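Have a look at data_9.cif below; it lists mmCIF, C-alpha atoms and all ligand atoms.
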data_input
#
loop_
_atom_site.label_atom_id
_atom_site.label_comp_id
_atom_site.auth_asym_id
_atom_site.auth_seq_id
_atom_site.Cartn_x
_atom_site.Cartn_y
_atom_site.Cartn_z
CA MET A 630 0.59 -36.75 13.11
CA ARG A 631 -1.30 -33.50 12.60
CA LYS A 632 -4.43 -33.10 14.74
CA PRO A 633 -7.76 -32.83 12.90
CA ARG A 634 -8.60 -29.28 11.81
CA ARG A 635 -11.71 -27.48 12.94
CA ASN A 636 -14.27 -27.52 10.15
CA HIS A 637 -15.63 -24.01 9.68
CA SER A 638 -18.72 -23.66 7.51
CA ALA A 639 -18.48 -21.72 4.24
CA ALA A 640 -20.89 -19.11 5.67
CA PHE A 641 -18.72 -18.67 8.77
CA LYS A 642 -15.59 -18.32 6.64
CA ALA A 643 -17.26 -15.80 4.34
CA LYS A 644 -18.54 -13.74 7.32
CA VAL A 645 -15.17 -13.70 9.06
CA ALA A 646 -13.37 -13.07 5.77
CA LEU A 647 -15.55 -10.05 5.15
CA GLU A 648 -14.93 -8.79 8.68
CA ALA A 649 -11.19 -9.31 8.20
CA ILE A 650 -10.99 -7.19 5.08
CA GLN A 651 -13.46 -4.45 6.00
CA PRO A 652 -11.85 -1.10 6.87
CA GLU A 653 -11.78 -0.35 10.56
CA GLY A 654 -12.27 3.21 11.82
CA GLU A 655 -10.59 3.10 15.17
CA LYS A 656 -6.85 3.21 15.40
CA GLU A 657 -4.68 4.08 18.34
CA MET A 658 -1.45 5.79 17.62
CA ASP A 659 0.86 5.69 20.63
CA THR A 660 3.98 4.17 19.04
CA VAL A 661 3.60 6.25 15.93
CA ASN A 662 2.85 9.45 17.84
CA LYS A 663 6.28 9.34 19.42
CA HIS A 664 7.65 10.04 15.97
CA LEU A 665 5.27 12.75 14.74
CA LEU A 666 6.98 15.84 13.41
CA SER A 667 5.90 19.46 13.71
CA ARG A 668 4.11 20.88 10.64
CA ARG A 669 7.15 23.00 9.75
CA GLN A 670 9.60 20.10 10.19
CA PHE A 671 7.35 17.86 8.16
CA CYS A 672 6.90 20.32 5.26
CA ALA A 673 10.64 20.93 5.14
CA ARG A 674 11.27 17.19 5.05
CA CYS A 675 8.66 16.58 2.35
CA ALA A 676 10.06 19.43 0.26
CA ALA A 677 13.53 17.94 0.64
CA PHE A 678 12.14 14.65 -0.64
CA GLY A 679 10.28 16.38 -3.49
CA LEU A 680 6.79 15.34 -2.33
CA SER A 681 3.92 17.05 -4.12
CA LEU A 682 1.56 19.49 -2.34
CA PRO A 683 -1.45 17.13 -2.43
CA ALA A 684 0.68 14.37 -0.92
CA ILE A 685 1.93 16.73 1.80
CA SER A 686 -1.63 17.84 2.58
CA ALA A 687 -2.83 14.26 2.80
CA VAL A 688 -0.06 13.25 5.18
CA LEU A 689 -0.58 16.41 7.25
CA ALA A 690 -4.24 15.49 7.58
CA VAL A 691 -3.14 12.14 8.98
CA GLN A 692 -0.79 13.87 11.41
CA ARG A 693 -3.57 16.23 12.55
CA SER A 694 -5.98 13.39 13.18
CA ALA A 695 -3.21 11.46 14.94
CA ARG A 696 -2.75 14.39 17.33
CA VAL A 697 -6.49 14.53 17.95
CA LEU A 698 -6.38 10.82 18.64
CA ALA A 699 -3.50 11.22 21.04
CA ALA A 700 -5.37 13.94 22.91
CA THR A 701 -8.85 12.44 22.91
CA GLY A 702 -8.56 8.77 22.05
CA ALA A 703 -11.23 9.42 19.41
CA ALA A 704 -11.65 7.29 16.32
CA ALA A 705 -9.33 7.90 13.37
CA GLU A 706 -10.77 9.24 10.13
CA THR A 707 -8.54 7.19 7.89
CA ALA A 708 -8.33 3.42 8.16
CA GLY A 709 -5.21 1.34 8.25
CA ARG A 710 -2.48 3.67 9.48
CA THR A 711 -1.49 1.70 12.53
CA VAL A 712 -1.94 -1.88 13.52
CA ARG A 713 -1.98 -3.21 17.07
CA PHE A 714 -0.32 -6.44 18.17
CA PRO A 715 -2.02 -8.60 20.81
CA ASP A 716 0.30 -7.22 23.53
CA GLY A 717 -0.99 -3.70 22.78
CA THR A 718 2.03 -2.46 20.82
CA ALA A 719 0.97 -0.28 17.88
CA VAL A 720 3.10 -0.09 14.73
CA PRO A 721 2.69 1.73 11.41
CA ALA A 722 0.60 -0.28 8.97
CA LEU A 723 3.37 0.16 6.42
CA GLY A 724 6.94 -0.96 7.00
CA GLN A 725 9.94 -1.66 4.81
CA GLY A 726 11.21 -5.04 3.62
CA ALA A 727 14.94 -5.65 3.27
CA TRP A 728 15.34 -8.99 1.47
CA HIS A 729 17.64 -7.67 -1.28
CA LEU A 730 19.08 -4.64 0.47
CA GLY A 731 22.81 -4.34 1.12
CA GLN A 732 23.56 -6.76 -1.70
CA GLY A 733 24.28 -4.56 -4.68
CA ARG A 734 20.89 -4.26 -6.34
CA HIS A 735 21.23 -0.49 -6.06
CA PRO A 736 24.30 1.48 -4.98
CA PRO A 737 24.63 1.29 -1.15
CA ALA A 738 24.22 5.06 -0.67
CA VAL A 739 21.01 5.03 -2.73
CA GLU A 740 19.56 2.14 -0.72
CA GLU A 741 20.55 3.86 2.50
CA GLU A 742 18.77 7.03 1.39
CA ALA A 743 15.72 4.96 0.41
CA VAL A 744 15.38 3.35 3.83
CA ARG A 745 16.09 6.63 5.64
CA THR A 746 13.47 8.35 3.49
CA GLY A 747 10.96 5.64 4.34
CA ILE A 748 11.71 5.96 8.05
CA SER A 749 11.35 9.74 7.93
CA LEU A 750 7.95 9.36 6.26
CA GLY A 751 6.62 6.95 8.87
CA MET A 752 7.63 3.49 7.63
CA THR A 753 9.51 2.76 10.85
CA LEU A 754 8.94 -0.99 10.90
CA ILE A 755 11.82 -2.81 9.17
CA ASP A 756 11.71 -6.47 8.18
CA THR A 757 14.91 -8.44 7.61
CA SER A 758 16.19 -11.96 8.21
CA GLY A 759 19.39 -13.68 9.24
CA ASN A 760 19.49 -15.47 5.89
CA TYR A 761 18.90 -12.47 3.57
CA GLY A 762 22.15 -12.20 1.63
CA ASN A 763 23.84 -14.40 4.27
CA GLY A 764 23.50 -11.67 6.86
CA ARG A 765 24.30 -8.74 4.57
CA SER A 766 20.75 -7.38 4.78
CA GLU A 767 20.98 -7.30 8.59
CA GLN A 768 24.41 -5.64 8.46
CA PHE A 769 23.07 -3.00 6.07
CA ILE A 770 20.01 -2.35 8.25
CA GLY A 771 22.22 -2.20 11.35
CA HIS A 772 24.23 0.52 9.66
CA VAL A 773 21.15 2.49 8.57
CA ILE A 774 19.42 2.43 11.95
CA ALA A 775 22.53 3.18 14.02
CA GLY A 776 21.72 6.23 16.11
CA GLN A 777 17.96 5.90 15.63
CA ARG A 778 17.29 2.38 16.95
CA ASP A 779 14.60 3.62 19.36
CA ARG A 780 12.50 4.90 16.41
CA ILE A 781 12.49 1.52 14.72
CA PHE A 782 10.33 -1.56 15.16
CA LEU A 783 12.89 -4.18 14.12
CA VAL A 784 11.83 -7.58 12.79
CA SER A 785 14.15 -10.47 11.92
CA LYS A 786 13.80 -14.19 11.34
CA VAL A 787 15.29 -17.56 12.16
CA GLU A 788 15.30 -20.41 9.64
CA ALA A 789 13.41 -23.69 10.02
CA ASN A 790 16.69 -25.62 9.83
CA GLN A 791 18.11 -23.70 12.80
CA VAL A 792 15.57 -24.67 15.45
CA SER A 793 17.16 -27.78 16.99
CA GLY A 794 19.12 -27.61 20.25
CA ASP A 795 20.00 -24.03 21.16
CA GLY A 796 19.89 -23.04 17.47
CA ILE A 797 17.26 -20.31 17.88
CA ALA A 798 19.21 -18.58 20.69
CA ARG A 799 22.44 -18.76 18.65
CA ALA A 800 20.76 -17.45 15.50
CA CYS A 801 19.25 -14.60 17.52
CA GLU A 802 22.63 -13.62 18.99
CA ALA A 803 24.13 -13.57 15.49
CA SER A 804 21.29 -11.37 14.20
CA LEU A 805 21.62 -8.97 17.15
CA SER A 806 25.33 -8.68 16.50
CA ARG A 807 24.88 -7.97 12.76
CA LEU A 808 22.11 -5.47 13.50
CA GLY A 809 24.15 -3.75 16.23
CA THR A 810 21.33 -3.89 18.76
CA ASP A 811 20.59 -5.65 22.05
CA HIS A 812 17.01 -6.66 21.20
CA LEU A 813 14.62 -7.39 18.36
CA ASP A 814 11.08 -6.07 18.53
CA LEU A 815 9.80 -9.17 16.76
CA TYR A 816 11.48 -12.47 15.90
CA LEU A 817 9.82 -14.78 13.39
CA LEU A 818 10.19 -18.43 12.43
CA HIS A 819 10.75 -17.95 8.67
CA SER A 820 8.93 -21.09 7.52
CA PRO A 821 7.02 -23.91 9.20
CA VAL A 822 8.69 -26.85 10.95
CA PRO A 823 6.74 -30.08 11.62
CA SER A 824 4.06 -29.38 14.24
CA THR A 825 5.73 -31.89 16.61
CA GLN A 826 8.50 -29.28 16.98
CA PHE A 827 6.20 -26.33 17.75
CA SER A 828 6.44 -26.63 21.54
CA GLY A 829 10.27 -26.57 21.42
CA VAL A 830 10.26 -23.54 19.13
CA VAL A 831 7.78 -21.68 21.34
CA ALA A 832 9.80 -22.50 24.48
CA ALA A 833 12.98 -21.14 22.82
CA PHE A 834 11.20 -17.94 21.73
CA GLU A 835 9.72 -17.49 25.22
CA GLN A 836 13.18 -17.87 26.79
CA LEU A 837 14.51 -15.15 24.50
CA ARG A 838 11.53 -12.96 25.40
CA MET A 839 12.09 -13.46 29.15
CA ALA A 840 15.78 -12.62 28.66
CA GLY A 841 14.82 -9.35 26.93
CA LYS A 842 16.51 -10.35 23.64
CA ILE A 843 13.21 -10.18 21.79
CA ARG A 844 10.05 -8.26 22.67
CA ALA A 845 7.71 -10.61 20.80
CA TRP A 846 7.79 -13.58 18.43
CA GLY A 847 5.74 -14.86 15.54
CA VAL A 848 5.72 -17.15 12.53
CA SER A 849 5.82 -16.91 8.75
CA ASN A 850 4.29 -18.89 5.91
CA PHE A 851 1.98 -20.83 8.29
CA ASP A 852 -1.32 -22.12 6.90
CA MET A 853 -4.48 -22.18 9.01
CA GLY A 854 -3.97 -25.77 10.20
CA GLN A 855 -0.46 -24.91 11.36
CA MET A 856 -1.78 -21.84 13.21
CA GLU A 857 -4.34 -24.05 14.96
CA ASP A 858 -1.64 -26.56 15.93
CA LEU A 859 0.57 -23.71 17.17
CA PHE A 860 -2.19 -22.35 19.40
CA ARG A 861 -2.57 -25.81 21.00
CA VAL A 862 0.98 -25.93 22.43
CA PRO A 863 1.82 -24.17 25.73
CA ASP A 864 2.27 -20.42 25.16
CA GLY A 865 1.54 -20.90 21.44
CA HIS A 866 -1.18 -18.25 21.73
CA ARG A 867 1.57 -15.70 22.48
CA CYS A 868 2.38 -15.65 18.74
CA ALA A 869 2.23 -12.00 17.62
CA THR A 870 1.74 -12.39 13.87
CA ASN A 871 1.92 -14.62 10.81
CA GLN A 872 3.93 -13.14 7.91
CA VAL A 873 2.46 -14.35 4.62
CA PRO A 874 2.21 -13.21 0.99
CA TYR A 875 -0.70 -10.83 0.36
CA SER A 876 -1.36 -8.45 -2.52
CA LEU A 877 -4.11 -7.64 -5.00
CA ASN A 878 -2.80 -10.38 -7.30
CA ASN A 879 -2.35 -12.88 -4.48
CA ARG A 880 -5.44 -12.89 -2.23
CA ARG A 881 -5.18 -16.55 -1.17
CA ILE A 882 -4.98 -15.80 2.57
CA GLU A 883 -8.50 -14.32 2.46
CA ARG A 884 -9.80 -17.89 2.20
CA ASP A 885 -8.82 -18.93 5.73
CA VAL A 886 -5.52 -17.60 7.17
CA LEU A 887 -6.61 -13.95 7.29
CA PRO A 888 -10.07 -14.66 8.80
CA TRP A 889 -8.51 -17.07 11.30
CA CYS A 890 -5.91 -14.50 12.39
CA THR A 891 -8.56 -11.79 12.68
CA GLN A 892 -10.75 -14.09 14.79
CA HIS A 893 -7.76 -14.66 17.08
CA ASN A 894 -6.87 -10.93 17.28
CA LEU A 895 -3.64 -11.51 15.38
CA PRO A 896 -2.48 -8.99 12.77
CA VAL A 897 -1.13 -10.42 9.54
CA MET A 898 2.14 -9.13 8.09
CA ALA A 899 1.85 -9.00 4.30
CA TYR A 900 5.00 -9.71 2.33
CA SER A 901 5.36 -9.07 -1.42
CA PRO A 902 2.50 -6.51 -1.10
CA LEU A 903 3.33 -5.06 -4.52
CA GLY A 904 3.18 -8.54 -6.04
CA GLY A 905 6.89 -9.28 -5.61
CA ASP A 906 9.68 -8.95 -8.18
CA ASN A 907 8.17 -11.32 -10.76
CA ASN A 908 4.59 -10.13 -10.54
CA LEU A 909 4.83 -6.41 -9.85
CA LEU A 910 1.54 -4.53 -9.86
CA VAL A 911 3.03 -1.09 -10.38
CA GLY A 912 2.30 -0.94 -14.13
CA ASP A 913 -1.38 -1.81 -13.71
CA ARG A 914 -3.81 0.58 -15.47
CA THR A 915 -6.66 0.24 -12.97
CA LEU A 916 -4.31 1.09 -10.13
CA ALA A 917 -2.90 4.02 -12.09
CA GLN A 918 -6.41 5.39 -12.73
CA ILE A 919 -7.36 5.19 -9.06
CA GLY A 920 -3.98 6.68 -8.21
CA ALA A 921 -4.64 9.61 -10.54
CA ALA A 922 -7.85 10.38 -8.61
CA HIS A 923 -5.94 10.32 -5.32
CA LYS A 924 -2.89 12.08 -6.82
CA CYS A 925 -0.62 9.19 -5.97
CA SER A 926 1.13 6.32 -7.73
CA ALA A 927 -0.26 2.90 -8.65
CA ALA A 928 2.11 1.42 -6.05
CA ALA A 929 0.61 3.57 -3.29
CA VAL A 930 -2.90 2.41 -4.25
CA ALA A 931 -1.79 -1.25 -4.19
CA LEU A 932 -0.34 -0.75 -0.70
CA ALA A 933 -3.33 1.25 0.57
CA TRP A 934 -5.50 -1.68 -0.51
CA VAL A 935 -3.37 -4.19 1.44
CA ILE A 936 -3.54 -2.16 4.67
CA ARG A 937 -7.19 -1.07 4.24
CA SER A 938 -8.60 -3.11 7.14
CA GLY A 939 -6.27 -1.92 9.91
CA LYS A 940 -5.50 -5.59 10.59
CA VAL A 941 -2.67 -6.03 8.08
CA ILE A 942 0.87 -4.61 8.08
CA ALA A 943 2.48 -4.37 4.61
CA ILE A 944 6.25 -4.50 4.17
CA PRO A 945 7.09 -3.36 0.63
CA GLU A 946 10.76 -3.38 -0.25
CA SER A 947 12.46 -0.58 -2.10
CA GLY A 948 16.07 0.42 -2.56
CA SER A 949 14.97 3.55 -4.46
CA PRO A 950 14.31 6.82 -2.58
CA ALA A 951 11.68 7.84 -5.16
CA HIS A 952 9.82 4.56 -4.71
CA ALA A 953 10.05 4.77 -0.91
CA LYS A 954 8.39 8.22 -1.12
CA GLU A 955 5.63 6.87 -3.33
CA ASN A 956 5.04 3.94 -1.02
CA ALA A 957 4.85 6.04 2.16
CA VAL A 958 1.94 8.00 0.68
CA ALA A 959 -0.17 4.82 1.13
CA LEU A 960 -0.26 5.60 4.87
CA SER A 961 -2.47 8.60 4.13
CA ILE A 962 -4.76 7.33 1.38
CA ALA A 963 -8.34 6.36 2.19
CA LEU A 964 -9.64 4.27 -0.71
CA THR A 965 -13.34 4.83 -1.35
CA PRO A 966 -15.87 1.97 -1.40
CA ARG A 967 -16.01 2.52 -5.17
CA ASP A 968 -12.20 2.15 -5.44
CA ILE A 969 -12.40 -1.10 -3.47
CA GLN A 970 -15.18 -2.37 -5.76
CA THR A 971 -13.22 -1.48 -8.88
CA LEU A 972 -10.14 -3.25 -7.55
CA ALA A 973 -12.18 -6.31 -6.53
CA ALA A 974 -13.59 -6.53 -10.05
CA ALA A 975 -10.07 -6.35 -11.52
CA TYR A 976 -8.58 -8.71 -8.92
CA PRO A 977 -11.29 -11.00 -7.50
CA GLY A 978 -10.52 -12.71 -4.22
CA PRO A 979 -11.26 -16.32 -3.32
CA PHE A 980 -14.91 -15.44 -2.64
CA GLY A 981 -15.32 -13.53 -5.91
CA ALA A 982 -15.32 -9.81 -6.62
CA ALA A 983 -15.83 -8.61 -3.03
N1 LIG A 1001 8.60 -14.29 5.09
C1 LIG A 1001 8.89 -14.59 3.85
O1 LIG A 1001 8.97 -15.76 3.46
C2 LIG A 1001 9.13 -13.47 2.86
C3 LIG A 1001 9.15 -13.75 1.47
C4 LIG A 1001 9.34 -12.68 0.59
C5 LIG A 1001 9.50 -11.38 1.08
N2 LIG A 1001 9.51 -11.15 2.44
C6 LIG A 1001 9.69 -9.78 2.97
O2 LIG A 1001 8.80 -8.90 2.29
C7 LIG A 1001 9.52 -7.83 1.68
C8 LIG A 1001 8.83 -7.36 0.42
O3 LIG A 1001 8.56 -8.44 -0.45
P1 LIG A 1001 9.13 -8.54 -1.94
O4 LIG A 1001 10.45 -7.86 -2.03
O5 LIG A 1001 9.02 -9.96 -2.32
O6 LIG A 1001 8.03 -7.81 -2.81
P2 LIG A 1001 7.44 -6.33 -3.03
O7 LIG A 1001 7.74 -5.46 -1.88
O8 LIG A 1001 6.04 -6.57 -3.40
O9 LIG A 1001 8.21 -5.83 -4.32
C9 LIG A 1001 9.54 -5.39 -4.30
C10 LIG A 1001 9.85 -4.87 -5.69
O10 LIG A 1001 9.03 -3.72 -5.94
C11 LIG A 1001 9.82 -2.64 -6.43
N3 LIG A 1001 9.18 -1.42 -5.93
C12 LIG A 1001 8.99 -1.03 -4.65
N4 LIG A 1001 8.30 0.14 -4.59
C13 LIG A 1001 8.05 0.49 -5.88
C14 LIG A 1001 7.39 1.58 -6.48
N5 LIG A 1001 6.84 2.55 -5.74
N6 LIG A 1001 7.33 1.64 -7.84
C15 LIG A 1001 7.88 0.67 -8.60
N7 LIG A 1001 8.52 -0.42 -8.08
C16 LIG A 1001 8.60 -0.50 -6.73
C17 LIG A 1001 11.19 -2.87 -5.84
O11 LIG A 1001 12.18 -2.31 -6.67
P3 LIG A 1001 13.05 -1.02 -6.20
O12 LIG A 1001 14.00 -1.52 -5.13
O13 LIG A 1001 13.74 -0.62 -7.44
O14 LIG A 1001 12.08 0.00 -5.70
C18 LIG A 1001 11.28 -4.40 -5.87
O15 LIG A 1001 11.70 -4.83 -7.14
C19 LIG A 1001 10.92 -8.41 1.49
O16 LIG A 1001 11.90 -7.41 1.39
C20 LIG A 1001 11.09 -9.22 2.75
O17 LIG A 1001 11.44 -8.37 3.84
C21 LIG A 1001 9.30 -12.17 3.32
#
Can you give me the file's structure in the form of structure tokens?
Ligand SMILES: NC(=O)c1ccc[n+]([C@@H]2O[C@H](COP(=O)([O-])OP(=O)(O)OC[C@H]3O[C@@H](n4cnc5c(N)ncnc54)[C@H](OP(=O)(O)O)[C@@H]3O)[C@@H](O)[C@H]2O)c1
Amino acid sequence: MRKPRRNHSAAFKAKVALEAIQPEGEKEMDTVNKHLLSRRQFCARCAAFGLSLPAISAVLAVQRSARVLAATGAAAETAGRTVRFPDGTAVPALGQGAWHLGQGRHPPAVEEEAVRTGISLGMTLIDTSGNYGNGRSEQFIGHVIAGQRDRIFLVSKVEANQVSGDGIARACEASLSRLGTDHLDLYLLHSPVPSTQFSGVVAAFEQLRMAGKIRAWGVSNFDMGQMEDLFRVPDGHRCATNQVPYSLNNRRIERDVLPWCTQHNLPVMAYSPLGGDNNLLVGDRTLAQIGAAHKCSAAAVALAWVIRSGKVIAIPESGSPAHAKENAVALSIALTPRDIQTLAAAYPGPFGAA
């Protein structure tokens, strides 16, 4: 039976929710810095990808401030470029999802170019799962990252129906083999199991971590009560993240999951950050207008909004090089308070237009 949930007051929830979604100025950049390019290399790469001058300037500004950060540890000027896990590991706030990749949605060479483009432009976190396309997504990602594994923060998942016995260890071995690597940076439980099974799941993840097969573990699609139950089992607090849906047109997690995670120093990983296939935000007029002011696409604005707090990692999926370019620009956009207000009016959250 589930244990009773802590009863937070509405005022507490609103305060923590506000804190969770407010932009944060200070970002440390160690993981990302390893991959910074020289100005000349970067311009050449952007030109090769057909990025516009304003977009190049914006990203260069981010690179400059990242170098200042690396040298001085000073606060970043732009919010949301990197996100830190509880163990101190910093990752780019924008990664790449791979649910449909390697399965014929786009020609394989086009998808490969899309992911490579995204990596080159800083989206070095890649999210896949053992069950995406029955392993074809992992095989595709394994192929794309071959030769550059050390640049990538690799995330995969195990299914809820695989957790009994030594199922998690076996699923992990199969994923490692398809991905052509000896470790995952993050391994997630794809969807909740009954809370009576949490301690077994955590023990299996911890064994994999001790064995060096995974660097960290987390969960996906957990509600706040499930997070509380997880943190009650031994080592449950070692959970690195909760991957949940979050976008302008799906702000449900702002009610409790996002504030709870922020209170517990846990970044949230936002899936379907563009609204997902059936609810795509990219044609939205408000987003396009804000994008015009920032000289970027509606998609980039939608993503910049998701990562605005520095406490959320967004993992948009694209098998199109042009879309990957557009998306990467979100790493360098600082939405203004007025932009945020306009977006809140168009897409009110659970506490209204804030
Ligand atoms: N844990 C979970 O239960 C769970 C559930 C769902 C998803 N996920 C993860 O989250 C990732 C992303 O979620 P998602 O695929 O549902 O939704 P999404 O990233 O919000 O949307 C993907 C769709 O957006 C299109 N797109 C991407 N960039 C675009 C741009 N700049 N302009 C126009 N269209 C653009 C893509 O088409 P093109 O390929 O043509 O660009 C694709 O159709 C998945 O790949 C997966 O890794 C996890």
Please find the residues contacting ligand LIG 1001 (chain A) at a distance of at most 6 Å between atoms, with all atoms listed in the file counted, and report them as a PyMOL selection string. chain A and resi 726-728+756-757+819+849+872+900-906+911+928+944-949+952+955-956
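With all atoms listed in the file as the atoms that count, the residue of A:Gln826, A:Ser785, A:Ser749, A:Gln725 with the shortest distance to Cys801 in chain A is A:Ser785.
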Enumerate, as an MDAnalysis selection string, the protein, DNA and RNA residues whose atoms approach (7.5, -17.9, 11.6) to within 9 Å, taking into account all atoms listed in the file and the coordinate frame of the file. chainID A and resid 786:789 816:821 846:851 870:872
Contacts of Leu750 in chain A within 7 Å, all atoms listed in the file, excl. fewer than 3 positions in-chain, as an MDAnalysis selection string: chainID A and resid 746:747 957
Output for the residues just chosen: C-alpha atoms as a PDB file, in the coordinates of the input:
ATOM      1  CA  THR A 746      13.470   8.350   3.490  1.00  0.00           C
ATOM      2  CA  GLY A 747      10.960   5.640   4.340  1.00  0.00           C
ATOM      3  CA  ALA A 957       4.850   6.040   2.160  1.00  0.00           C
TER       4      ALA A 957
END
Length of the CA of Ala917 in chain A to CA of Phe980 in chain A vector [Å]: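 Separation of CA of Ala917 in chain A and CA of Phe980 in chain A: 24.7 Å.
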Point-to-point distance in Å for CA of Ile942 in chain A and CA of Pro888 in chain A: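 According to the coordinates, CA of Pro888 in chain A and CA of Ile942 in chain A are separated by 14.9 Å.
Between Ala845 in chain A and the candidates A:Gly981, A:Leu916, A:Arg861, A:Val784, the tightest atom-to-atom separation, counting all atoms listed in the file, involves A:Val784.
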Pairwise distance, CA of Ala959 in chain A with CA of Arg884 in chain A, equals 24.7 Å
Find, counting all atoms listed in the file, the residue in A:Ser961, A:Ser926, A:Asn879, A:Ser828 that gets nearest to Gly978 in chain A. A:Asn879
Tell me which protein, DNA and RNA residues are within 12 Å of Asp795 in chain A, counting all atoms listed in the file, leaving out same-chain ones fewer than 2 positions away, and put them as a list of chain:residue names. A:Asn790, A:Gln791, A:Val792, A:Ser793, A:Ile797, A:Ala798, A:Arg799, A:Ala800, A:Cys801, A:Glu802, A:Gly829, A:Val830, A:Ala832, A:Ala833, A:Phe834, A:Gln836, A:Leu837
Write a file of the selected residues as a PDB file, in the frame of the given file, keeping C-alpha atoms.
ATOM      1  CA  ASN A 790      16.690 -25.620   9.830  1.00  0.00           C
ATOM      2  CA  GLN A 791      18.110 -23.700  12.800  1.00  0.00           C
ATOM      3  CA  VAL A 792      15.570 -24.670  15.450  1.00  0.00           C
ATOM      4  CA  SER A 793      17.160 -27.780  16.990  1.00  0.00           C
ATOM      5  CA  ILE A 797      17.260 -20.310  17.880  1.00  0.00           C
ATOM      6  CA  ALA A 798      19.210 -18.580  20.690  1.00  0.00           C
ATOM      7  CA  ARG A 799      22.440 -18.760  18.650  1.00  0.00           C
ATOM      8  CA  ALA A 800      20.760 -17.450  15.500  1.00  0.00           C
ATOM      9  CA  CYS A 801      19.250 -14.600  17.520  1.00  0.00           C
ATOM     10  CA  GLU A 802      22.630 -13.620  18.990  1.00  0.00           C
ATOM     11  CA  GLY A 829      10.270 -26.570  21.420  1.00  0.00           C
ATOM     12  CA  VAL A 830      10.260 -23.540  19.130  1.00  0.00           C
ATOM     13  CA  ALA A 832       9.800 -22.500  24.480  1.00  0.00           C
ATOM     14  CA  ALA A 833      12.980 -21.140  22.820  1.00  0.00           C
ATOM     15  CA  PHE A 834      11.200 -17.940  21.730  1.00  0.00           C
ATOM     16  CA  GLN A 836      13.180 -17.870  26.790  1.00  0.00           C
ATOM     17  CA  LEU A 837      14.510 -15.150  24.500  1.00  0.00           C
TER      18      LEU A 837
END
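Nearest to Met856 in chain A of all the residues A:Asp814, A:Asp716, A:Asp885, A:Glu835 is A:Asp885, counting all atoms listed in the file.
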Check the smallest atom-to-atom distance from each of A:Val862, A:Leu877, A:Leu754, A:Ala975 to Asp779 in chain A using all atoms listed in the file, then report the winner.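 Nearest to Asp779 in chain A: A:Leu754.
Those DNA, RNA and protein residues that approach the point (26.2, -15.1, 10.2) to within 12 Å, considering only C-alpha atoms, are Ser758, Gly759, Asn760, Tyr761, Gly762, Asn763, Gly764, Arg765, Ser766, Glu767, Gln768, Val787, Arg799, Ala800, Cys801, Glu802, Ala803, Ser804, Leu805, Ser806, Arg807 and Leu808 of chain A.
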What are the centre and edge lengths in Å, to one decimal, of the axis-aligned box around all listed atoms of range 767-776 of chain A with 4 Å added on each side, as JSON?
{"center_x": 21.9, "center_y": -0.5, "center_z": 11.1, "size_x": 13.0, "size_y": 21.5, "size_z": 18.0}
Residues at most 9 Å from Val773 in chain A, counting only C-alpha atoms, excluding those fewer than 4 positions away in the same chain, as number ranges by chain? A: 741-742, 744-745, 768-769, 777
Which of these, A:Phe714, A:Phe782, A:Phe827, A:Tyr976, has the shortest distance to Thr915 in chain A once you count all atoms listed in the file? A:Tyr976
Using only C-alpha atoms, determine which residues lie at most 10 Å from Ile882 in chain A, disregarding the query and same-chain residues fewer than 2 positions distant; provide the list as a PyMOL selection string. chain A and resi 646+852-853+873-876+879-880+884-890+897+899+978-979
With N, CA, C and O atoms as the goal, would you fill in the gaps in range 832-838 of chain A and present it as a CSV table (one decimal), in the frame of the given file?
chain,number,residue,atom,x,y,z
A,832,ALA,N,9.0,-22.6,23.2
A,832,ALA,CA,9.8,-22.5,24.5
A,832,ALA,C,11.1,-21.7,24.3
A,832,ALA,O,11.4,-20.8,25.1
A,833,ALA,N,11.7,-21.9,23.1
A,833,ALA,CA,13.0,-21.1,22.8
A,833,ALA,C,12.7,-19.7,22.6
A,833,ALA,O,13.4,-18.8,23.1
A,834,PHE,N,11.6,-19.3,21.9
A,834,PHE,CA,11.2,-17.9,21.7
A,834,PHE,C,10.9,-17.3,23.1
A,834,PHE,O,11.2,-16.2,23.4
A,835,GLU,N,10.1,-18.0,23.9
A,835,GLU,CA,9.7,-17.5,25.2
A,835,GLU,C,10.9,-17.2,26.1
A,835,GLU,O,11.0,-16.2,26.8
A,836,GLN,N,11.9,-18.1,26.0
A,836,GLN,CA,13.2,-17.9,26.8
A,836,GLN,C,13.9,-16.6,26.3
A,836,GLN,O,14.3,-15.8,27.2
A,837,LEU,N,13.9,-16.4,25.0
A,837,LEU,CA,14.5,-15.2,24.5
A,837,LEU,C,13.7,-13.9,24.9
A,837,LEU,O,14.3,-12.9,25.3
A,838,ARG,N,12.4,-14.1,25.0
A,838,ARG,CA,11.5,-13.0,25.4
A,838,ARG,C,11.8,-12.6,26.9
A,838,ARG,O,11.9,-11.5,27.3
